[in-house]
>>> print(open('entry-v4.cif').read())   # mmCIF, C-alpha atoms and all ligand atoms
data_data
#
loop_
_atom_site.label_atom_id
_atom_site.label_comp_id
_atom_site.auth_asym_id
_atom_site.auth_seq_id
_atom_site.Cartn_x
_atom_site.Cartn_y
_atom_site.Cartn_z
CA MET A 1 -47.54 49.03 41.83
CA SER A 2 -49.32 46.96 44.50
CA LEU A 3 -49.00 49.81 46.98
CA ARG A 4 -51.66 51.72 45.08
CA TYR A 5 -54.09 48.78 45.33
CA ALA A 6 -53.36 48.35 49.02
CA LEU A 7 -54.23 52.05 49.47
CA LEU A 8 -57.35 51.74 47.33
CA ALA A 9 -58.33 48.69 49.42
CA LEU A 10 -57.99 50.74 52.59
CA LEU A 11 -60.00 53.61 51.12
CA THR A 12 -62.86 51.26 50.20
CA ALA A 13 -63.48 51.14 53.97
CA GLU A 14 -63.60 54.91 54.59
CA PRO A 15 -62.19 58.28 53.45
CA LEU A 16 -58.90 59.07 55.17
CA THR A 17 -56.42 61.93 55.40
CA GLY A 18 -52.87 61.11 54.30
CA TYR A 19 -51.78 60.90 57.91
CA ASP A 20 -54.65 58.60 58.92
CA ALA A 21 -54.13 56.49 55.81
CA ALA A 22 -50.46 55.98 56.72
CA LYS A 23 -51.40 55.16 60.31
CA ARG A 24 -54.22 52.77 59.37
CA PHE A 25 -52.06 51.19 56.70
CA GLY A 26 -49.43 50.06 59.20
CA GLY A 27 -52.06 48.38 61.36
CA SER A 28 -53.92 46.57 58.58
CA VAL A 29 -53.03 45.94 54.96
CA GLY A 30 -49.41 46.90 55.77
CA PHE A 31 -49.15 43.49 57.49
CA VAL A 32 -49.25 41.91 54.04
CA TRP A 33 -47.82 44.78 51.97
CA HIS A 34 -45.30 46.77 53.93
CA ALA A 35 -44.66 50.33 52.76
CA PRO A 36 -42.95 53.23 54.53
CA ASP A 37 -44.88 56.50 55.04
CA SER A 38 -42.42 58.10 52.61
CA GLN A 39 -43.97 56.02 49.81
CA ILE A 40 -47.58 56.37 50.93
CA TYR A 41 -47.87 60.18 50.76
CA PRO A 42 -46.51 60.62 47.21
CA GLU A 43 -48.54 57.63 45.97
CA LEU A 44 -51.73 59.23 47.33
CA ARG A 45 -50.88 62.44 45.45
CA ARG A 46 -50.26 60.50 42.23
CA MET A 47 -53.53 58.61 42.66
CA GLU A 48 -55.36 61.90 43.15
CA LYS A 49 -53.82 63.31 39.94
CA GLU A 50 -54.95 60.19 38.10
CA GLY A 51 -58.49 60.52 39.44
CA LEU A 52 -58.52 57.27 41.43
CA ILE A 53 -59.12 59.17 44.65
CA GLU A 54 -60.27 62.69 45.32
CA GLY A 55 -59.05 65.06 47.98
CA GLU A 56 -61.38 67.33 49.91
CA GLN A 57 -60.29 70.02 52.36
CA VAL A 58 -61.57 69.39 55.88
CA ARG A 59 -61.17 71.61 58.95
CA TRP A 60 -58.11 70.94 61.06
CA GLY A 61 -58.08 73.05 64.17
CA PRO A 62 -59.34 76.64 64.25
CA ASN A 63 -57.54 78.02 61.18
CA SER A 64 -56.15 75.18 59.20
CA THR A 65 -57.33 72.41 56.87
CA LYS A 66 -56.12 69.01 55.78
CA THR A 67 -56.84 66.88 52.71
CA ARG A 68 -59.14 63.91 53.13
CA TYR A 69 -59.09 61.36 50.33
CA SER A 70 -62.09 59.36 49.11
CA ILE A 71 -62.04 56.62 46.49
CA THR A 72 -63.75 57.68 43.24
CA ASP A 73 -65.82 55.53 40.86
CA ASP A 74 -62.72 55.30 38.64
CA GLY A 75 -60.77 54.15 41.71
CA ILE A 76 -63.32 51.43 42.45
CA ARG A 77 -63.18 50.31 38.81
CA ALA A 78 -59.37 50.19 38.89
CA PHE A 79 -59.49 48.21 42.14
CA ARG A 80 -61.98 45.70 40.66
CA ASP A 81 -59.89 45.29 37.49
CA TRP A 82 -56.86 44.58 39.62
CA ILE A 83 -58.55 42.09 41.98
CA ASN A 84 -59.96 40.15 39.01
CA ALA A 85 -56.68 40.09 37.07
CA PRO A 86 -54.43 37.00 37.20
CA MET A 87 -52.10 36.97 40.19
CA ASP A 88 -48.51 37.83 39.33
CA TYR A 89 -45.61 36.06 40.96
CA GLY A 90 -42.27 37.80 41.12
CA PRO A 91 -39.01 35.89 40.85
CA ILE A 92 -37.97 34.13 44.06
CA ARG A 93 -35.42 35.80 46.36
CA ASP A 94 -35.40 33.84 49.59
CA ALA A 95 -32.47 34.69 51.86
CA PRO A 96 -32.95 31.96 54.53
CA HIS A 97 -33.35 29.14 52.00
CA MET A 98 -30.49 30.41 49.89
CA ARG A 99 -28.26 30.45 52.97
CA ALA A 100 -29.45 27.05 54.17
CA ALA A 101 -28.39 25.52 50.86
CA TYR A 102 -24.74 26.27 51.72
CA PHE A 103 -24.71 25.50 55.45
CA GLU A 104 -21.89 23.00 54.91
CA TRP A 105 -19.63 26.09 54.88
CA ALA A 106 -20.89 27.36 58.24
CA ASP A 107 -19.89 26.59 61.81
CA PRO A 108 -22.50 24.17 63.23
CA ASP A 109 -23.10 26.57 66.13
CA CYS A 110 -23.78 29.44 63.72
CA VAL A 111 -26.19 27.19 61.80
CA ARG A 112 -28.00 26.42 65.07
CA GLU A 113 -28.10 30.10 65.99
CA ASN A 114 -29.54 31.12 62.63
CA LEU A 115 -32.14 28.36 62.67
CA GLN A 116 -33.15 29.46 66.16
CA ARG A 117 -33.49 33.05 64.87
CA HIS A 118 -35.73 31.72 62.12
CA ILE A 119 -37.89 29.95 64.71
CA ASP A 120 -38.06 33.08 66.90
CA TYR A 121 -38.90 35.33 63.96
CA TYR A 122 -41.74 33.17 62.68
CA THR A 123 -43.05 32.48 66.19
CA GLU A 124 -43.39 36.24 66.68
CA GLN A 125 -44.89 36.82 63.22
CA ARG A 126 -47.30 33.94 63.68
CA ALA A 127 -48.55 35.49 66.93
CA ARG A 128 -49.09 38.87 65.19
CA TRP A 129 -50.91 37.24 62.28
CA ALA A 130 -53.04 35.09 64.60
CA ALA A 131 -53.96 38.16 66.68
CA MET A 132 -54.86 40.07 63.53
CA ARG A 133 -57.00 37.17 62.33
CA ALA A 134 -58.82 37.10 65.68
CA SER A 135 -59.48 40.87 65.58
CA ILE A 136 -60.89 40.49 62.07
CA LEU A 137 -63.12 37.56 63.04
CA ASP A 138 -64.64 39.37 66.03
CA ALA A 139 -64.68 42.72 64.12
CA SER A 140 -62.79 44.47 66.91
CA HIS A 141 -60.28 45.71 64.33
CA PRO A 142 -61.16 49.39 63.68
CA THR A 143 -61.00 49.19 59.87
CA ILE A 144 -63.15 46.06 59.84
CA ALA A 145 -65.65 47.66 62.22
CA THR A 146 -65.94 50.72 59.92
CA ARG A 147 -66.04 48.56 56.82
CA ILE A 148 -68.93 46.33 57.90
CA GLU A 149 -71.01 49.21 59.29
CA LYS A 150 -71.80 50.26 55.72
CA TYR A 151 -73.18 46.86 54.73
CA PRO A 152 -76.21 44.85 55.83
CA ALA A 153 -75.51 42.00 58.27
CA GLN A 154 -75.80 39.28 55.61
CA GLU A 155 -72.74 40.77 53.81
CA HIS A 156 -70.54 40.79 56.89
CA GLU A 157 -69.49 37.15 56.66
CA ARG A 158 -67.89 37.43 53.21
CA ILE A 159 -66.06 40.66 54.08
CA ILE A 160 -64.63 39.05 57.20
CA ALA A 161 -64.10 35.49 55.96
CA TYR A 162 -61.72 36.41 53.14
CA LYS A 163 -59.56 38.59 55.36
CA ALA A 164 -59.39 35.87 58.01
CA PHE A 165 -58.54 33.37 55.22
CA ALA A 166 -55.59 35.53 54.13
CA TYR A 167 -54.17 35.58 57.66
CA GLN A 168 -54.83 31.85 58.15
CA GLY A 169 -52.53 31.25 55.19
CA LEU A 170 -49.80 33.35 56.83
CA VAL A 171 -50.22 31.55 60.17
CA ASP A 172 -49.92 28.16 58.45
CA ARG A 173 -46.91 29.30 56.47
CA ALA A 174 -45.21 30.44 59.70
CA THR A 175 -45.88 27.02 61.21
CA ALA A 176 -44.25 25.37 58.20
CA GLU A 177 -41.19 27.66 58.51
CA ILE A 178 -40.85 26.77 62.20
CA GLU A 179 -41.06 23.04 61.43
CA TRP A 180 -38.48 23.43 58.69
CA ALA A 181 -36.05 25.13 61.08
CA HIS A 182 -36.58 22.36 63.64
CA ASP A 183 -35.77 19.81 60.91
CA GLY A 184 -32.62 21.85 60.25
CA LEU A 185 -31.61 21.68 63.91
CA ALA A 186 -31.93 17.89 63.79
CA LEU A 187 -29.96 17.82 60.53
CA VAL A 188 -27.05 19.87 61.84
CA ASP A 189 -26.84 17.57 64.88
CA LYS A 190 -26.77 14.53 62.65
CA LEU A 191 -24.24 15.93 60.21
CA SER A 192 -21.86 17.43 62.75
CA SER A 193 -21.77 14.52 65.19
CA PRO A 194 -18.50 12.59 64.92
CA SER A 195 -18.88 9.55 62.67
CA PRO A 196 -18.55 6.20 64.48
C1 LIG B 1 -58.23 45.21 56.68
C2 LIG B 1 -58.21 45.17 58.07
C3 LIG B 1 -57.21 44.56 55.99
C4 LIG B 1 -57.20 44.48 58.75
C5 LIG B 1 -56.22 43.89 56.64
O1 LIG B 1 -55.18 43.24 56.04
C6 LIG B 1 -56.22 43.85 58.04
C7 LIG B 1 -59.28 45.93 55.96
C8 LIG B 1 -55.29 42.89 54.68
O2 LIG B 1 -60.43 45.97 56.45
O3 LIG B 1 -58.97 46.42 54.87
O4 LIG B 1 -55.21 43.22 58.67
#
>>> encode(input="entry-v4.cif", output="structure tokens")
Amino acid sequence: MSLRYALLALLTAEPLTGYDAAKRFGGSVGFVWHAPDSQIYPELRRMEKEGLIEGEQVRWGPNSTKTRYSITDDGIRAFRDWINAPMDYGPIRDAPHMRAAYFEWADPDCVRENLQRHIDYYTEQRARWAAMRASILDASHPTIATRIEKYPAQEHERIIAYKAFAYQGLVDRATAEIEWAHDGLALVDKLSSPSP
């Protein structure tokens, strides 16, 4: 269900064709709500049927058209209702922590390898999230640039600050995951060293 709000969020910045929406999605809100193109196109069609967005035919080459979607007033209302509703938390399914809980069954070298993978994964994600945060803060991100154009300068800070805040949380979480994996490396050394 959140996919629809992620798409509405994107369309609050500008009208987009299905193709552009899918492309923009992957480089923005898709960082926090991944969805494959194969889910985006049918969801846009459902949202159009429900009146949350409206499609308009725009020229595409000399003798073709494509559908460009804009958010409707109903869509803006639905988006506001959602953003103001209490956050919902799904049940936890955390593969790395579940596995870590049973590491006494693993070869110490496999434990080390998996913890190193965890460090590498979050180091890479942290760099992506930090780069995204920077491109939001300096408004070099294309969706942010389009978004703030429509508002007077005194509104820019709150549009930008919340998005940067979201990514700061992800950066900090990545740092915590990396520290946890380092603690795990120390633990496996301690537990697998021969007792005196
Ligand atoms: C936007 C731009 C959102 C970049 C993002 O993630 C992002 C936006 C929530 O302006 O909607 O990374």
>>> closest_residue(input="entry-v4.cif", among="A:Glu149, A:Glu179, A:Asp81, A:Asp94", to="ligand LIG 1 (chain B)", atoms="all atoms listed in the file")
A:Glu149
>>> closest_residue(input="entry-v4.cif", among="A:Thr175, A:Gln125, A:Ser192, A:Ser28", to="ligand LIG 1 (chain B)", atoms="all atoms listed in the file")
A:Ser28
>>> closest_residue(input="entry-v4.cif", among="A:Thr12, A:Ser38, A:Asn63, A:Thr123", to="ligand LIG 1 (chain B)", atoms="all atoms listed in the file")
A:Thr12
>>> closest_residue(input="entry-v4.cif", among="A:Asp107, A:Asp138, A:Glu113, A:Glu43", to="ligand LIG 1 (chain B)", atoms="all atoms listed in the file")
A:Asp138
>>> closest_atom_pairs(input="entry-v4.cif", of="chain A", to="ligand LIG 1 (chain B)", cutoff="12 Å", atoms="all atoms listed in the file", output="Markdown table")
| residue | atom | partner | partner_atom | distance |
| --- | --- | --- | --- | --- |
| A:Tyr5 | CA | B:LIG1 | O3 | 11.0 |
| A:Ala6 | CA | B:LIG1 | C8 | 8.1 |
| A:Leu7 | CA | B:LIG1 | O3 | 9.1 |
| A:Leu8 | CA | B:LIG1 | O3 | 9.4 |
| A:Ala9 | CA | B:LIG1 | O3 | 5.9 |
| A:Leu10 | CA | B:LIG1 | O3 | 5.0 |
| A:Leu11 | CA | B:LIG1 | O3 | 8.2 |
| A:Thr12 | CA | B:LIG1 | O3 | 7.8 |
| A:Ala13 | CA | B:LIG1 | O2 | 6.5 |
| A:Glu14 | CA | B:LIG1 | O2 | 9.7 |
| A:Ala21 | CA | B:LIG1 | O3 | 11.2 |
| A:Arg24 | CA | B:LIG1 | C2 | 8.7 |
| A:Phe25 | CA | B:LIG1 | C5 | 8.4 |
| A:Gly26 | CA | B:LIG1 | O4 | 9.0 |
| A:Gly27 | CA | B:LIG1 | O4 | 6.6 |
| A:Ser28 | CA | B:LIG1 | O4 | 3.6 |
| A:Val29 | CA | B:LIG1 | O1 | 3.6 |
| A:Gly30 | CA | B:LIG1 | O1 | 6.8 |
| A:Phe31 | CA | B:LIG1 | O4 | 6.2 |
| A:Val32 | CA | B:LIG1 | C8 | 6.2 |
| A:Trp33 | CA | B:LIG1 | C8 | 8.2 |
| A:His34 | CA | B:LIG1 | O1 | 10.7 |
| A:Arg128 | CA | B:LIG1 | O4 | 9.9 |
| A:Trp129 | CA | B:LIG1 | O4 | 8.2 |
| A:Ala130 | CA | B:LIG1 | O4 | 10.3 |
| A:Ala131 | CA | B:LIG1 | O4 | 9.6 |
| A:Met132 | CA | B:LIG1 | O4 | 5.8 |
| A:Arg133 | CA | B:LIG1 | O4 | 7.3 |
| A:Ala134 | CA | B:LIG1 | O4 | 10.0 |
| A:Ser135 | CA | B:LIG1 | C4 | 8.1 |
| A:Ile136 | CA | B:LIG1 | C4 | 6.4 |
| A:Leu137 | CA | B:LIG1 | C4 | 10.1 |
| A:Asp138 | CA | B:LIG1 | C4 | 11.6 |
| A:Ala139 | CA | B:LIG1 | C2 | 9.2 |
| A:Ser140 | CA | B:LIG1 | C4 | 9.9 |
| A:His141 | CA | B:LIG1 | C4 | 6.5 |
| A:Pro142 | CA | B:LIG1 | C2 | 7.6 |
| A:Thr143 | CA | B:LIG1 | O2 | 4.7 |
| A:Ile144 | CA | B:LIG1 | O2 | 4.3 |
| A:Ala145 | CA | B:LIG1 | O2 | 8.0 |
| A:Thr146 | CA | B:LIG1 | O2 | 8.1 |
| A:Arg147 | CA | B:LIG1 | O2 | 6.2 |
| A:Ile148 | CA | B:LIG1 | O2 | 8.6 |
| A:Glu149 | CA | B:LIG1 | O2 | 11.4 |
| A:His156 | CA | B:LIG1 | O2 | 11.4 |
| A:Arg158 | CA | B:LIG1 | O2 | 11.8 |
| A:Ile159 | CA | B:LIG1 | O2 | 8.1 |
| A:Ile160 | CA | B:LIG1 | O2 | 8.1 |
| A:Ala161 | CA | B:LIG1 | O2 | 11.1 |
| A:Tyr162 | CA | B:LIG1 | C8 | 9.3 |
| A:Lys163 | CA | B:LIG1 | C8 | 6.1 |
| A:Ala164 | CA | B:LIG1 | O4 | 8.5 |
| A:Phe165 | CA | B:LIG1 | C8 | 10.1 |
| A:Ala166 | CA | B:LIG1 | C8 | 7.4 |
| A:Tyr167 | CA | B:LIG1 | O4 | 7.8 |
| A:Gln168 | CA | B:LIG1 | O4 | 11.4 |
| A:Gly169 | CA | B:LIG1 | C8 | 12.0 |
| A:Leu170 | CA | B:LIG1 | C8 | 11.2 |
>>> closest_residue(input="entry-v4.cif", among="A:Ala100, A:Ile53, A:Ala127, A:Ala153", to="Trp180 (chain A)", atoms="only C-alpha atoms")
A:Ala100
>>> atom_distance(input="entry-v4.cif", atom1="CA of Gly51 (chain A)", atom2="CA of Ala85 (chain A)")
20.6 Å
>>> closest_residue(input="entry-v4.cif", among="A:Asp183, A:Glu56, A:Glu104, A:Asp189", to="Leu16 (chain A)", atoms="only C-alpha atoms")
A:Glu56
>>> residues_around(input="entry-v4.cif", residues="Glu50 (chain A)", least_positions_apart="5", cutoff="10 Å", atoms="all atoms listed in the file", output="PyMOL selection string")
chain A and resi 44-45+74-75
>>> atom_distance(input="entry-v4.cif", atom1="CA of Ala101 (chain A)", atom2="CA of Asp88 (chain A)")
26.3 Å
>>> atom_distance(input="entry-v4.cif", atom1="CA of Pro15 (chain A)", atom2="CA of Ile71 (chain A)")
7.2 Å
